[in-house]
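Q: Just query-v3.cif, nothing more (mmCIF, C-alpha atoms):
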```cif
data_start
#
loop_
_atom_site.label_atom_id
_atom_site.label_comp_id
_atom_site.auth_asym_id
_atom_site.auth_seq_id
_atom_site.Cartn_x
_atom_site.Cartn_y
_atom_site.Cartn_z
CA MET A 1 -13.04 -17.64 15.36
CA PHE A 2 -10.49 -20.41 15.85
CA SER A 3 -8.04 -20.62 18.72
CA PRO A 4 -4.34 -20.01 17.83
CA LEU A 5 -3.28 -23.69 17.69
CA ILE A 6 -6.15 -24.61 15.38
CA LYS A 7 -5.39 -21.59 13.17
CA GLU A 8 -1.75 -22.69 13.00
CA LEU A 9 -2.79 -26.24 12.05
CA ILE A 10 -5.05 -24.92 9.27
CA GLU A 11 -2.24 -22.65 8.02
CA SER A 12 0.30 -25.46 8.02
CA LEU A 13 -2.00 -27.89 6.19
CA ARG A 14 -1.92 -25.41 3.31
CA CYS A 15 1.64 -26.47 2.48
CA LEU A 16 0.11 -29.60 0.94
CA PRO A 17 -0.24 -29.33 -2.85
CA GLY A 18 -3.82 -28.67 -3.97
CA VAL A 19 -5.05 -27.71 -0.50
CA GLY A 20 -6.62 -24.25 -0.24
CA PRO A 21 -7.99 -22.44 2.83
CA LYS A 22 -11.38 -24.19 2.74
CA SER A 23 -9.98 -27.72 2.45
CA ALA A 24 -7.34 -26.99 5.08
CA GLN A 25 -10.07 -25.92 7.51
CA LYS A 26 -12.11 -29.03 6.71
CA MET A 27 -9.05 -31.25 7.20
CA ALA A 28 -8.07 -29.66 10.52
CA LEU A 29 -11.57 -29.94 12.00
CA TYR A 30 -11.93 -33.48 10.69
CA LEU A 31 -8.65 -34.58 12.27
CA LEU A 32 -9.40 -32.95 15.64
CA GLU A 33 -13.05 -33.97 15.83
CA ARG A 34 -13.03 -37.42 14.35
CA ASP A 35 -9.62 -38.90 13.63
CA SER A 36 -7.07 -38.01 16.26
CA GLN A 37 -5.51 -41.45 15.78
CA GLY A 38 -4.94 -40.76 12.09
CA ALA A 39 -3.56 -37.32 12.94
CA ASP A 40 -1.18 -38.85 15.44
CA ARG A 41 0.02 -41.38 12.88
CA LEU A 42 0.47 -38.59 10.33
CA ALA A 43 2.49 -36.47 12.75
CA GLN A 44 4.71 -39.43 13.57
CA SER A 45 5.30 -40.53 9.99
CA LEU A 46 6.03 -36.97 8.88
CA ARG A 47 8.57 -36.68 11.67
CA SER A 48 10.35 -39.95 10.91
CA ALA A 49 10.30 -39.38 7.15
CA LEU A 50 11.79 -35.91 7.66
CA ASP A 51 14.45 -37.24 10.01
CA LYS A 52 15.48 -40.29 8.04
CA VAL A 53 14.59 -40.05 4.34
CA GLY A 54 17.53 -38.99 2.19
CA ARG A 55 18.81 -39.88 -1.26
CA CYS A 56 19.68 -43.30 -2.66
CA SER A 57 23.48 -43.30 -2.99
CA GLN A 58 23.18 -44.83 -6.45
CA CYS A 59 20.18 -43.30 -8.28
CA ARG A 60 19.47 -40.27 -6.06
CA THR A 61 15.78 -41.08 -5.55
CA LEU A 62 14.18 -40.59 -2.13
CA THR A 63 14.80 -43.39 0.38
CA GLU A 64 15.83 -43.86 3.99
CA ASP A 65 18.20 -46.71 3.10
CA HIS A 66 21.64 -46.59 1.55
CA LEU A 67 20.16 -48.05 -1.65
CA CYS A 68 16.53 -47.69 -2.82
CA PRO A 69 14.49 -50.89 -3.40
CA ILE A 70 15.11 -50.77 -7.16
CA CYS A 71 18.89 -50.24 -6.97
CA ALA A 72 19.08 -52.98 -4.32
CA ASP A 73 17.17 -55.45 -6.51
CA GLU A 74 19.70 -57.97 -7.92
CA GLU A 75 17.26 -59.02 -10.67
CA ARG A 76 17.35 -55.68 -12.48
CA ASN A 77 19.36 -55.34 -15.69
CA ARG A 78 22.33 -53.20 -14.70
CA SER A 79 23.40 -52.43 -18.28
CA ARG A 80 20.35 -50.21 -18.90
CA LEU A 81 19.75 -46.89 -17.25
CA CYS A 82 16.68 -44.66 -17.50
CA ILE A 83 17.11 -40.99 -16.60
CA VAL A 84 14.07 -39.19 -15.17
CA GLU A 85 13.41 -35.88 -13.45
CA THR A 86 11.58 -36.95 -10.27
CA PRO A 87 10.79 -39.98 -8.08
CA ALA A 88 7.17 -39.76 -9.33
CA ASP A 89 8.48 -40.37 -12.87
CA VAL A 90 10.13 -43.58 -11.65
CA ILE A 91 6.72 -44.74 -10.41
CA ALA A 92 5.10 -43.79 -13.73
CA ILE A 93 7.62 -45.82 -15.74
CA GLU A 94 7.58 -48.75 -13.31
CA SER A 95 3.80 -48.92 -13.69
CA THR A 96 4.24 -49.76 -17.41
CA LYS A 97 6.27 -52.88 -16.46
CA GLN A 98 8.24 -52.32 -19.70
CA PHE A 99 11.60 -51.41 -18.21
CA ASP A 100 13.82 -53.78 -16.27
CA GLY A 101 16.92 -51.61 -15.86
CA LEU A 102 17.96 -49.10 -13.21
CA TYR A 103 17.09 -45.42 -12.89
CA PHE A 104 18.92 -42.19 -12.34
CA VAL A 105 16.80 -39.42 -10.81
CA LEU A 106 17.89 -35.86 -11.60
CA LEU A 107 15.54 -34.29 -9.03
CA GLY A 108 14.95 -31.38 -11.38
CA HIS A 109 16.09 -30.14 -14.78
CA LEU A 110 18.76 -27.73 -16.00
CA SER A 111 17.61 -24.22 -15.15
CA PRO A 112 20.49 -21.72 -15.02
CA ILE A 113 18.11 -18.93 -13.94
CA ASP A 114 17.32 -20.88 -10.72
CA GLY A 115 20.97 -21.78 -10.23
CA ILE A 116 20.41 -25.41 -11.22
CA GLY A 117 23.36 -26.60 -13.27
CA PRO A 118 24.88 -30.02 -14.06
CA GLU A 119 26.27 -30.39 -10.54
CA GLU A 120 22.89 -29.87 -8.83
CA LEU A 121 21.47 -32.64 -11.03
CA GLY A 122 24.31 -34.98 -10.07
CA LEU A 123 25.57 -35.30 -13.66
CA ASP A 124 29.16 -35.82 -12.42
CA ARG A 125 27.86 -38.78 -10.42
CA LEU A 126 25.98 -39.99 -13.52
CA GLU A 127 29.21 -40.00 -15.56
CA THR A 128 30.99 -42.04 -12.87
CA ILE A 129 28.14 -44.56 -12.74
CA THR A 130 28.00 -45.09 -16.49
CA GLN A 131 31.79 -45.45 -16.72
CA GLN A 132 32.30 -47.74 -13.74
CA GLN A 133 29.25 -49.97 -13.99
CA GLY A 134 29.32 -50.93 -17.64
CA VAL A 135 26.07 -49.21 -18.61
CA GLU A 136 25.44 -49.98 -22.29
CA GLU A 137 22.17 -48.18 -22.94
CA VAL A 138 20.76 -44.95 -21.54
CA ILE A 139 17.13 -43.93 -22.09
CA ILE A 140 16.45 -40.27 -21.38
CA ALA A 141 12.90 -39.81 -20.07
CA THR A 142 12.93 -36.19 -18.93
CA ASN A 143 9.68 -34.24 -19.44
CA SER A 144 8.61 -33.05 -22.88
CA THR A 145 9.11 -29.43 -21.88
CA VAL A 146 11.68 -26.89 -23.04
CA GLU A 147 13.76 -27.50 -19.90
CA GLY A 148 13.37 -31.27 -20.18
CA GLU A 149 14.55 -31.16 -23.80
CA ALA A 150 17.55 -28.97 -22.95
CA THR A 151 18.50 -31.32 -20.11
CA SER A 152 18.10 -34.32 -22.41
CA HIS A 153 20.33 -32.70 -25.04
CA TYR A 154 23.01 -31.88 -22.47
CA ILE A 155 23.06 -35.42 -21.08
CA ALA A 156 23.24 -36.95 -24.56
CA GLN A 157 26.30 -34.82 -25.37
CA LEU A 158 27.85 -35.89 -22.07
CA LEU A 159 27.39 -39.63 -22.50
CA LYS A 160 27.84 -40.18 -26.24
CA PRO A 161 31.67 -39.79 -26.09
CA GLN A 162 31.67 -42.80 -23.71
CA GLY A 163 30.32 -44.95 -26.55
CA ILE A 164 26.99 -45.51 -24.79
CA GLU A 165 23.81 -45.97 -26.80
CA VAL A 166 21.70 -42.96 -25.80
CA SER A 167 18.03 -42.68 -26.74
CA ARG A 168 15.11 -40.37 -25.97
CA ILE A 169 11.56 -41.60 -25.31
CA ALA A 170 9.26 -41.10 -28.32
CA GLN A 171 7.14 -38.01 -28.68
CA GLY A 172 3.89 -38.06 -30.64
CA VAL A 173 0.14 -38.53 -30.45
CA PRO A 174 -0.93 -40.07 -27.11
CA MET A 175 -2.94 -43.31 -26.99
CA GLY A 176 -6.59 -42.61 -27.74
CA GLY A 177 -5.67 -39.13 -28.99
CA GLU A 178 -7.90 -37.85 -31.79
CA LEU A 179 -5.91 -35.83 -34.31
CA GLU A 180 -8.54 -33.10 -34.32
CA TYR A 181 -7.80 -32.32 -30.67
CA VAL A 182 -4.02 -32.84 -30.59
CA ASP A 183 -2.02 -29.59 -30.53
CA GLY A 184 0.09 -28.58 -33.53
CA ASN A 185 3.48 -29.01 -31.84
CA THR A 186 2.71 -32.58 -30.83
CA LEU A 187 1.46 -33.34 -34.32
CA ALA A 188 4.64 -31.90 -35.83
CA LEU A 189 6.72 -34.16 -33.56
CA ALA A 190 4.53 -37.12 -34.50
CA LEU A 191 5.08 -36.48 -38.21
CA GLU A 192 8.81 -36.00 -37.77
CA GLY A 193 9.14 -39.20 -35.76
CA ARG A 194 7.02 -41.35 -38.13
CA LYS A 195 7.86 -45.06 -38.28
CA LYS A 196 7.96 -47.20 -41.41
CA LEU A 197 5.25 -49.90 -41.51
CA MET B 198 8.92 -49.06 -5.36
CA PHE B 199 8.94 -46.79 -2.29
CA SER B 200 10.97 -47.38 0.82
CA PRO B 201 8.99 -48.29 3.99
CA LEU B 202 9.03 -44.81 5.58
CA ILE B 203 7.79 -43.14 2.40
CA LYS B 204 5.08 -45.81 2.04
CA GLU B 205 4.01 -45.17 5.62
CA LEU B 206 3.88 -41.42 5.00
CA ILE B 207 1.70 -41.94 1.90
CA GLU B 208 -0.58 -44.31 3.84
CA SER B 209 -0.95 -41.90 6.75
CA LEU B 210 -1.72 -38.91 4.49
CA ARG B 211 -4.80 -40.84 3.38
CA CYS B 212 -6.46 -40.13 6.73
CA LEU B 213 -7.09 -36.61 5.41
CA PRO B 214 -10.62 -36.19 4.02
CA GLY B 215 -10.73 -36.18 0.20
CA VAL B 216 -7.20 -37.54 -0.20
CA GLY B 217 -6.94 -40.76 -2.23
CA PRO B 218 -3.87 -42.89 -3.00
CA LYS B 219 -2.74 -40.74 -5.96
CA SER B 220 -2.97 -37.41 -4.11
CA ALA B 221 -1.34 -38.92 -1.03
CA GLN B 222 1.62 -40.02 -3.16
CA LYS B 223 1.85 -36.61 -4.77
CA MET B 224 1.72 -34.90 -1.37
CA ALA B 225 4.37 -37.15 0.18
CA LEU B 226 6.82 -36.68 -2.70
CA TYR B 227 6.14 -32.96 -2.80
CA LEU B 228 6.85 -32.56 0.92
CA LEU B 229 10.04 -34.62 0.83
CA GLU B 230 11.40 -33.20 -2.41
CA ARG B 231 10.43 -29.59 -2.18
CA ASP B 232 8.96 -28.46 1.11
CA SER B 233 10.61 -30.11 4.07
CA GLN B 234 10.14 -26.84 6.02
CA GLY B 235 6.39 -26.97 5.45
CA ALA B 236 6.35 -30.65 6.41
CA ASP B 237 8.24 -29.88 9.58
CA ARG B 238 5.78 -27.13 10.48
CA LEU B 239 2.86 -29.48 9.75
CA ALA B 240 4.32 -32.23 11.95
CA GLN B 241 4.83 -29.76 14.78
CA SER B 242 1.40 -28.14 14.57
CA LEU B 243 -0.31 -31.54 14.37
CA ARG B 244 1.57 -32.63 17.46
CA SER B 245 0.75 -29.53 19.51
CA ALA B 246 -2.88 -29.43 18.38
CA LEU B 247 -3.26 -33.11 19.33
CA ASP B 248 -1.63 -32.55 22.69
CA LYS B 249 -3.40 -29.36 23.66
CA VAL B 250 -6.69 -28.84 21.81
CA GLY B 251 -9.71 -29.89 23.83
CA ARG B 252 -13.23 -28.57 24.27
CA CYS B 253 -14.38 -25.10 25.32
CA SER B 254 -15.77 -25.52 28.85
CA GLN B 255 -18.76 -23.39 27.89
CA CYS B 256 -19.84 -24.20 24.32
CA ARG B 257 -17.93 -27.46 23.72
CA THR B 258 -16.28 -26.28 20.49
CA LEU B 259 -12.65 -27.15 19.79
CA THR B 260 -10.08 -24.92 21.50
CA GLU B 261 -6.89 -25.22 23.53
CA ASP B 262 -8.05 -22.59 26.01
CA HIS B 263 -10.53 -22.85 28.86
CA LEU B 264 -12.93 -20.68 26.85
CA CYS B 265 -13.05 -20.38 23.04
CA PRO B 266 -12.59 -16.90 21.47
CA ILE B 267 -16.38 -16.45 21.05
CA CYS B 268 -17.33 -17.46 24.61
CA ALA B 269 -14.52 -15.28 25.93
CA ASP B 270 -15.72 -12.25 23.96
CA GLU B 271 -17.45 -9.84 26.39
CA GLU B 272 -19.22 -8.07 23.53
CA ARG B 273 -21.40 -11.03 22.57
CA ASN B 274 -25.05 -11.06 23.56
CA ARG B 275 -25.27 -13.67 26.31
CA SER B 276 -29.06 -13.92 26.25
CA ARG B 277 -29.06 -15.61 22.83
CA LEU B 278 -27.75 -19.08 22.15
CA CYS B 279 -27.42 -20.85 18.79
CA ILE B 280 -27.18 -24.64 18.83
CA VAL B 281 -25.17 -26.28 16.02
CA GLU B 282 -23.78 -29.73 15.30
CA THR B 283 -20.11 -28.99 14.56
CA PRO B 284 -17.41 -26.31 14.90
CA ALA B 285 -17.58 -25.85 11.10
CA ASP B 286 -21.23 -24.83 11.50
CA VAL B 287 -20.13 -22.08 13.92
CA ILE B 288 -17.81 -20.74 11.21
CA ALA B 289 -20.62 -20.90 8.64
CA ILE B 290 -23.00 -18.89 10.83
CA GLU B 291 -20.30 -16.44 11.93
CA SER B 292 -19.56 -15.72 8.26
CA THR B 293 -23.11 -14.33 7.84
CA LYS B 294 -22.37 -11.69 10.53
CA GLN B 295 -26.08 -11.93 11.44
CA PHE B 296 -25.74 -13.51 14.88
CA ASP B 297 -24.22 -11.79 17.90
CA GLY B 298 -25.00 -14.36 20.60
CA LEU B 299 -23.12 -17.40 21.87
CA TYR B 300 -23.06 -20.93 20.51
CA PHE B 301 -23.49 -24.41 21.86
CA VAL B 302 -21.79 -27.14 19.79
CA LEU B 303 -23.32 -30.61 20.05
CA LEU B 304 -20.40 -32.30 18.23
CA GLY B 305 -22.84 -34.66 16.54
CA HIS B 306 -26.55 -35.43 16.54
CA LEU B 307 -28.79 -37.91 18.36
CA SER B 308 -28.13 -41.33 16.88
CA PRO B 309 -29.11 -44.15 19.24
CA ILE B 310 -27.77 -46.76 16.80
CA ASP B 311 -24.25 -45.32 17.23
CA GLY B 312 -24.71 -44.97 20.96
CA ILE B 313 -25.01 -41.18 20.77
CA GLY B 314 -27.65 -40.04 23.23
CA PRO B 315 -28.40 -36.76 25.05
CA GLU B 316 -25.39 -37.17 27.35
CA GLU B 317 -22.87 -37.55 24.52
CA LEU B 318 -24.20 -34.29 23.04
CA GLY B 319 -23.80 -32.52 26.37
CA LEU B 320 -27.51 -31.76 26.70
CA ASP B 321 -27.32 -31.89 30.52
CA ARG B 322 -24.64 -29.18 30.28
CA LEU B 323 -26.91 -27.23 27.90
CA GLU B 324 -29.75 -27.27 30.44
CA THR B 325 -27.44 -25.96 33.16
CA ILE B 326 -26.19 -23.16 30.92
CA THR B 327 -29.65 -21.99 29.88
CA GLN B 328 -30.87 -22.07 33.49
CA GLN B 329 -27.91 -20.40 35.14
CA GLN B 330 -26.96 -17.81 32.55
CA GLY B 331 -30.32 -16.25 31.79
CA VAL B 332 -30.57 -17.34 28.17
CA GLU B 333 -33.78 -15.89 26.74
CA GLU B 334 -33.70 -17.14 23.15
CA VAL B 335 -32.39 -20.36 21.65
CA ILE B 336 -32.01 -20.83 17.88
CA ILE B 337 -31.61 -24.45 16.82
CA ALA B 338 -29.42 -24.69 13.71
CA THR B 339 -28.81 -28.42 13.44
CA ASN B 340 -28.61 -29.84 9.90
CA SER B 341 -31.74 -30.28 7.77
CA THR B 342 -31.40 -34.04 7.91
CA VAL B 343 -33.56 -36.66 9.62
CA GLU B 344 -31.08 -36.84 12.52
CA GLY B 345 -30.76 -33.06 12.70
CA GLU B 346 -34.55 -32.70 12.85
CA ALA B 347 -34.87 -35.34 15.56
CA THR B 348 -32.15 -33.65 17.61
CA SER B 349 -33.83 -30.27 17.13
CA HIS B 350 -37.18 -31.69 18.29
CA TYR B 351 -35.60 -33.26 21.38
CA ILE B 352 -33.84 -30.05 22.37
CA ALA B 353 -36.99 -27.97 21.88
CA GLN B 354 -38.90 -30.28 24.23
CA LEU B 355 -36.08 -30.01 26.74
CA LEU B 356 -35.88 -26.21 26.80
CA LYS B 357 -39.48 -25.08 26.36
CA PRO B 358 -40.48 -25.97 29.96
CA GLN B 359 -37.83 -23.44 31.08
CA GLY B 360 -39.86 -20.69 29.40
CA ILE B 361 -37.17 -20.01 26.80
CA GLU B 362 -38.11 -18.83 23.31
CA VAL B 363 -36.95 -21.69 21.10
CA SER B 364 -36.83 -21.35 17.30
CA ARG B 365 -35.56 -23.39 14.36
CA ILE B 366 -33.75 -21.85 11.36
CA ALA B 367 -36.03 -21.55 8.30
CA GLN B 368 -36.15 -24.25 5.68
CA GLY B 369 -37.08 -23.46 2.07
CA VAL B 370 -35.80 -22.57 -1.36
CA PRO B 371 -32.11 -21.52 -1.24
CA MET B 372 -30.99 -18.14 -2.60
CA GLY B 373 -30.74 -18.25 -6.40
CA GLY B 374 -32.66 -21.52 -6.42
CA GLU B 375 -34.88 -22.03 -9.47
CA LEU B 376 -38.11 -23.81 -8.54
CA GLU B 377 -37.75 -26.15 -11.50
CA TYR B 378 -34.60 -27.64 -9.99
CA VAL B 379 -35.50 -27.59 -6.29
CA ASP B 380 -36.43 -31.02 -4.91
CA GLY B 381 -39.99 -31.77 -3.83
CA ASN B 382 -39.28 -32.05 -0.09
CA THR B 383 -37.63 -28.66 0.02
CA LEU B 384 -40.51 -27.16 -1.95
CA ALA B 385 -43.02 -28.71 0.45
CA LEU B 386 -41.15 -27.14 3.39
CA ALA B 387 -41.05 -23.80 1.55
CA LEU B 388 -44.82 -23.86 1.03
CA GLU B 389 -45.49 -24.86 4.61
CA GLY B 390 -43.25 -22.12 5.95
CA ARG B 391 -44.67 -19.35 3.71
CA LYS B 392 -44.55 -15.81 5.08
CA LYS B 393 -47.25 -13.19 4.76
CA LEU B 394 -46.22 -10.21 2.58
#
```
Output the file's structure as structure tokens, nothing else.

A:
Amino acid sequence: MFSPLIKELIESLRCLPGVGPKSAQKMALYLLERDSQGADRLAQSLRSALDKVGRCSQCRTLTEDHLCPICADEERNRSRLCIVETPADVIAIESTKQFDGLYFVLLGHLSPIDGIGPEELGLDRLETITQQQGVEEVIIATNSTVEGEATSHYIAQLLKPQGIEVSRIAQGVPMGGELEYVDGNTLALALEGRKKL
Amino acid sequence: MFSPLIKELIESLRCLPGVGPKSAQKMALYLLERDSQGADRLAQSLRSALDKVGRCSQCRTLTEDHLCPICADEERNRSRLCIVETPADVIAIESTKQFDGLYFVLLGHLSPIDGIGPEELGLDRLETITQQQGVEEVIIATNSTVEGEATSHYIAQLLKPQGIEVSRIAQGVPMGGELEYVDGNTLALALEGRKKL
């Protein structure tokens, strides 16, 4: 019922996460009927982001500059480094305003079955950074998943011999969590990691 | 926390209907981190749709060709015409497989306050089509809103003098609707439009 170009637009909108066939159709018709300016801007910004965005040479997050805004910020504490899996995790931690150091973005986690080893995560680069730049403390904030834990363990073994203080973010009951509804594994971690009052 | 090009991409993704700041951020990072091929395809298809998609010269729906696939289809019954507000409404009616005629897409409804009058809806073109092409029956399927009703009324007045059979799609209780939960206005329309058994 649609002409080929409109069909192709609907199909290609489906690459967006969370967009199914119905939403893609709605989006395509909306853009063509009512917001061709917005569509034009989107096409342009996609094109320039694709052409120019690469990795920060320091922390490996996404940026079109040599250094990302955080690595370029002279005010940040360069002796502390937080290791995360993705650029979105950087945003999540920044939103807490509790960390003033720099980041290192793995862009994934160790997953031998997918061919993702230490090199793909830039761990050789991480070692160089910690050695050369006098990093004193490393906080590992990979996800609380099996792969995230394995990655965390591997990185800890890698950095400890350098005499760096390595820690892992706490695991336990989330804020507002009612014990009745918290799963058993989380509760076990919360008990194990109890703090003296 | 994001570099300018990534910020611009996030901002421009927000032109999509139903996409807020959080989803836009998720989409942008997803495209850049994991699906640059999909993003490239999206940028290309947006560009070509914007450059080439216009209106069907017959029914005014969106298409890049002179005639849309439905108007070009020789099998359709050219004596029946269904009038709808948007291309999405064409899809909705086509999905019922109950209509074999052609469509006429208003691309809106009468709304003097927004400067949308009969000309903007192509009603002069509609008159020409019905006169020249021997249309015998017109079904008005504008939305069941105040504006849709007003538009329907206007079109009926316009076409009746031509001796065309003009009808309006039925209004009433939707399939599976329980009377207890159907609003009063709908129920009033259902009573008024009762059919003899």

Q: Per residue of chain A within 9 Å of chain B, note the shortest atom pair and the distance in Å to one decimal, counting all atoms listed in the file, and order the rows by chain and increasing residue number, as a Markdown table.

A:
```
| residue | atom | partner | partner_atom | distance |
| --- | --- | --- | --- | --- |
| A:Met1 | CA | B:Pro266 | CA | 6.2 |
| A:Phe2 | CA | B:Pro266 | CA | 7.0 |
| A:Ser3 | CA | B:Thr260 | CA | 5.5 |
| A:Pro4 | CA | B:Glu261 | CA | 8.1 |
| A:Leu5 | CA | B:Ala246 | CA | 5.8 |
| A:Ile6 | CA | B:Ala246 | CA | 6.6 |
| A:Glu8 | CA | B:Ser242 | CA | 6.5 |
| A:Leu9 | CA | B:Ser242 | CA | 5.2 |
| A:Ile10 | CA | B:Ser242 | CA | 8.9 |
| A:Glu11 | CA | B:Leu239 | CA | 8.7 |
| A:Ser12 | CA | B:Leu239 | CA | 5.1 |
| A:Leu13 | CA | B:Leu239 | CA | 6.2 |
| A:Arg14 | CA | B:Gly235 | CA | 8.7 |
| A:Cys15 | CA | B:Gly235 | CA | 5.6 |
| A:Leu16 | CA | B:Met224 | CA | 6.0 |
| A:Pro17 | CA | B:Met224 | CA | 6.1 |
| A:Gly18 | CA | B:Met224 | CA | 8.7 |
| A:Ser23 | CA | B:Pro214 | CA | 8.6 |
| A:Gln25 | CA | B:Ala285 | CA | 8.3 |
| A:Lys26 | CA | B:Ala285 | CA | 7.7 |
| A:Met27 | CA | B:Leu213 | CA | 6.0 |
| A:Ala28 | CA | B:Leu213 | CA | 8.7 |
| A:Leu29 | CA | B:Ala285 | CA | 7.3 |
| A:Tyr30 | CA | B:Pro214 | CA | 7.3 |
| A:Leu31 | CA | B:Leu213 | CA | 7.3 |
| A:Leu32 | CA | B:Leu247 | CA | 7.2 |
| A:Glu33 | CA | B:Leu259 | CA | 7.9 |
| A:Asp35 | CA | B:Cys212 | CA | 7.7 |
| A:Ser36 | CA | B:Leu247 | CA | 6.9 |
| A:Gly38 | CA | B:Cys212 | CA | 5.6 |
| A:Ala39 | CA | B:Leu243 | CA | 6.8 |
| A:Asp40 | CA | B:Arg244 | CA | 7.1 |
| A:Arg41 | CA | B:Ser209 | CA | 6.2 |
| A:Leu42 | CA | B:Ser209 | CA | 5.1 |
| A:Ala43 | CA | B:Ala240 | CA | 4.7 |
| A:Gln44 | CA | B:Ala240 | CA | 7.4 |
| A:Ser45 | CA | B:Leu206 | CA | 5.3 |
| A:Leu46 | CA | B:Ala240 | CA | 5.9 |
| A:Arg47 | CA | B:Ala240 | CA | 6.2 |
| A:Ser48 | CA | B:Leu202 | CA | 7.3 |
| A:Ala49 | CA | B:Leu202 | CA | 5.8 |
| A:Leu50 | CA | B:Ser233 | CA | 6.9 |
| A:Lys52 | CA | B:Leu202 | CA | 8.3 |
| A:Val53 | CA | B:Leu202 | CA | 7.4 |
| A:Gly54 | CA | B:Leu229 | CA | 8.8 |
| A:Leu62 | CA | B:Leu229 | CA | 7.8 |
| A:Thr63 | CA | B:Ser200 | CA | 5.5 |
| A:Glu64 | CA | B:Ser200 | CA | 6.8 |
| A:Asp65 | CA | B:Ser200 | CA | 7.6 |
| A:Cys68 | CA | B:Ser200 | CA | 6.7 |
| A:Pro69 | CA | B:Met198 | CA | 6.2 |
| A:Ile70 | CA | B:Met198 | CA | 6.7 |
| A:Thr86 | CA | B:Glu230 | CA | 8.7 |
| A:Pro87 | CA | B:Leu226 | CA | 7.5 |
| A:Ala88 | CA | B:Leu226 | CA | 7.3 |
| A:Val90 | CA | B:Met198 | CA | 8.4 |
| A:Ile91 | CA | B:Met198 | CA | 7.0 |
| A:Glu94 | CA | B:Met198 | CA | 8.1 |
| A:Leu107 | CA | B:Glu230 | CA | 7.9 |
```

Q: Distance cut-off 8 Å, centre (3.3, -36.6, -28.2) in file coordinates, counting only C-alpha atoms: which residues qualify? Return them as number ranges by chain.

A: A: 170-174, 186-187, 189-190

Q: Using CA of Thr96 (chain A) and CA of Pro218 (chain B) as the two end points, give the distance in Å to one decimal.

A: 17.9 Å

Q: Running the PyMOL selection byres ((chain A and resi 97-100) around 12) on this model by hand, what would come out? Give it as a compact mmCIF listing (two decimals) with C-alpha atoms, keeping the file's coordinate frame.

A:
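After the write, expr.txt holds the following:
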```txt
# COMPACT_ATOMS: atom_id res chain seq x y z
CA ILE A 70 15.11 -50.77 -7.16
CA CYS A 71 18.89 -50.24 -6.97
CA ASP A 73 17.17 -55.45 -6.51
CA GLU A 74 19.70 -57.97 -7.92
CA GLU A 75 17.26 -59.02 -10.67
CA ARG A 76 17.35 -55.68 -12.48
CA ASN A 77 19.36 -55.34 -15.69
CA ARG A 78 22.33 -53.20 -14.70
CA SER A 79 23.40 -52.43 -18.28
CA ARG A 80 20.35 -50.21 -18.90
CA LEU A 81 19.75 -46.89 -17.25
CA CYS A 82 16.68 -44.66 -17.50
CA ILE A 83 17.11 -40.99 -16.60
CA VAL A 90 10.13 -43.58 -11.65
CA ILE A 91 6.72 -44.74 -10.41
CA ALA A 92 5.10 -43.79 -13.73
CA ILE A 93 7.62 -45.82 -15.74
CA GLU A 94 7.58 -48.75 -13.31
CA SER A 95 3.80 -48.92 -13.69
CA THR A 96 4.24 -49.76 -17.41
CA GLY A 101 16.92 -51.61 -15.86
CA LEU A 102 17.96 -49.10 -13.21
CA TYR A 103 17.09 -45.42 -12.89
CA VAL A 138 20.76 -44.95 -21.54
CA ILE A 139 17.13 -43.93 -22.09
CA ALA A 141 12.90 -39.81 -20.07
```

Q: Which distance in Å separates CA of Arg168 (chain A) and CA of Glu149 (chain A), to one decimal?

A: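 Those two atoms sit 9.5 Å apart.
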
Q: Output the residue selection produced by the PyMOL selection byres ((chain B and resi 321-330) around 9) on the file above, formatted as a list in words.

A: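 Evaluating the PyMOL selection byres ((chain B and resi 321-330) around 9) on these coordinates yields Gln255, Cys256, Arg275, Ser276, Leu278, Phe301, Pro315, Glu316, Leu318, Gly319, Leu320, Gly331, Val332, Glu333, Val335, Leu355, Leu356, Gln359 and Ile361 of chain B.
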
Q: Report, in Å to a single decimal, how far apart CA of Ser57 (chain A) and CA of Ile116 (chain A) are.

A: 19.9 Å

Q: Any chance you could work out the residue set of the PyMOL selection byres ((chain A and resi 145) around 12) here, as a tab-separated table (two decimals) with C-alpha atoms, keeping the file's coordinate frame?

A:
```tsv
chain	number	residue	atom	x	y	z
A	85	GLU	CA	13.41	-35.88	-13.45
A	109	HIS	CA	16.09	-30.14	-14.78
A	110	LEU	CA	18.76	-27.73	-16.00
A	141	ALA	CA	12.90	-39.81	-20.07
A	142	THR	CA	12.93	-36.19	-18.93
A	143	ASN	CA	9.68	-34.24	-19.44
A	144	SER	CA	8.61	-33.05	-22.88
A	146	VAL	CA	11.68	-26.89	-23.04
A	147	GLU	CA	13.76	-27.50	-19.90
A	148	GLY	CA	13.37	-31.27	-20.18
A	149	GLU	CA	14.55	-31.16	-23.80
A	150	ALA	CA	17.55	-28.97	-22.95
A	151	THR	CA	18.50	-31.32	-20.11
A	152	SER	CA	18.10	-34.32	-22.41
A	171	GLN	CA	7.14	-38.01	-28.68
A	185	ASN	CA	3.48	-29.01	-31.84
A	186	THR	CA	2.71	-32.58	-30.83
```
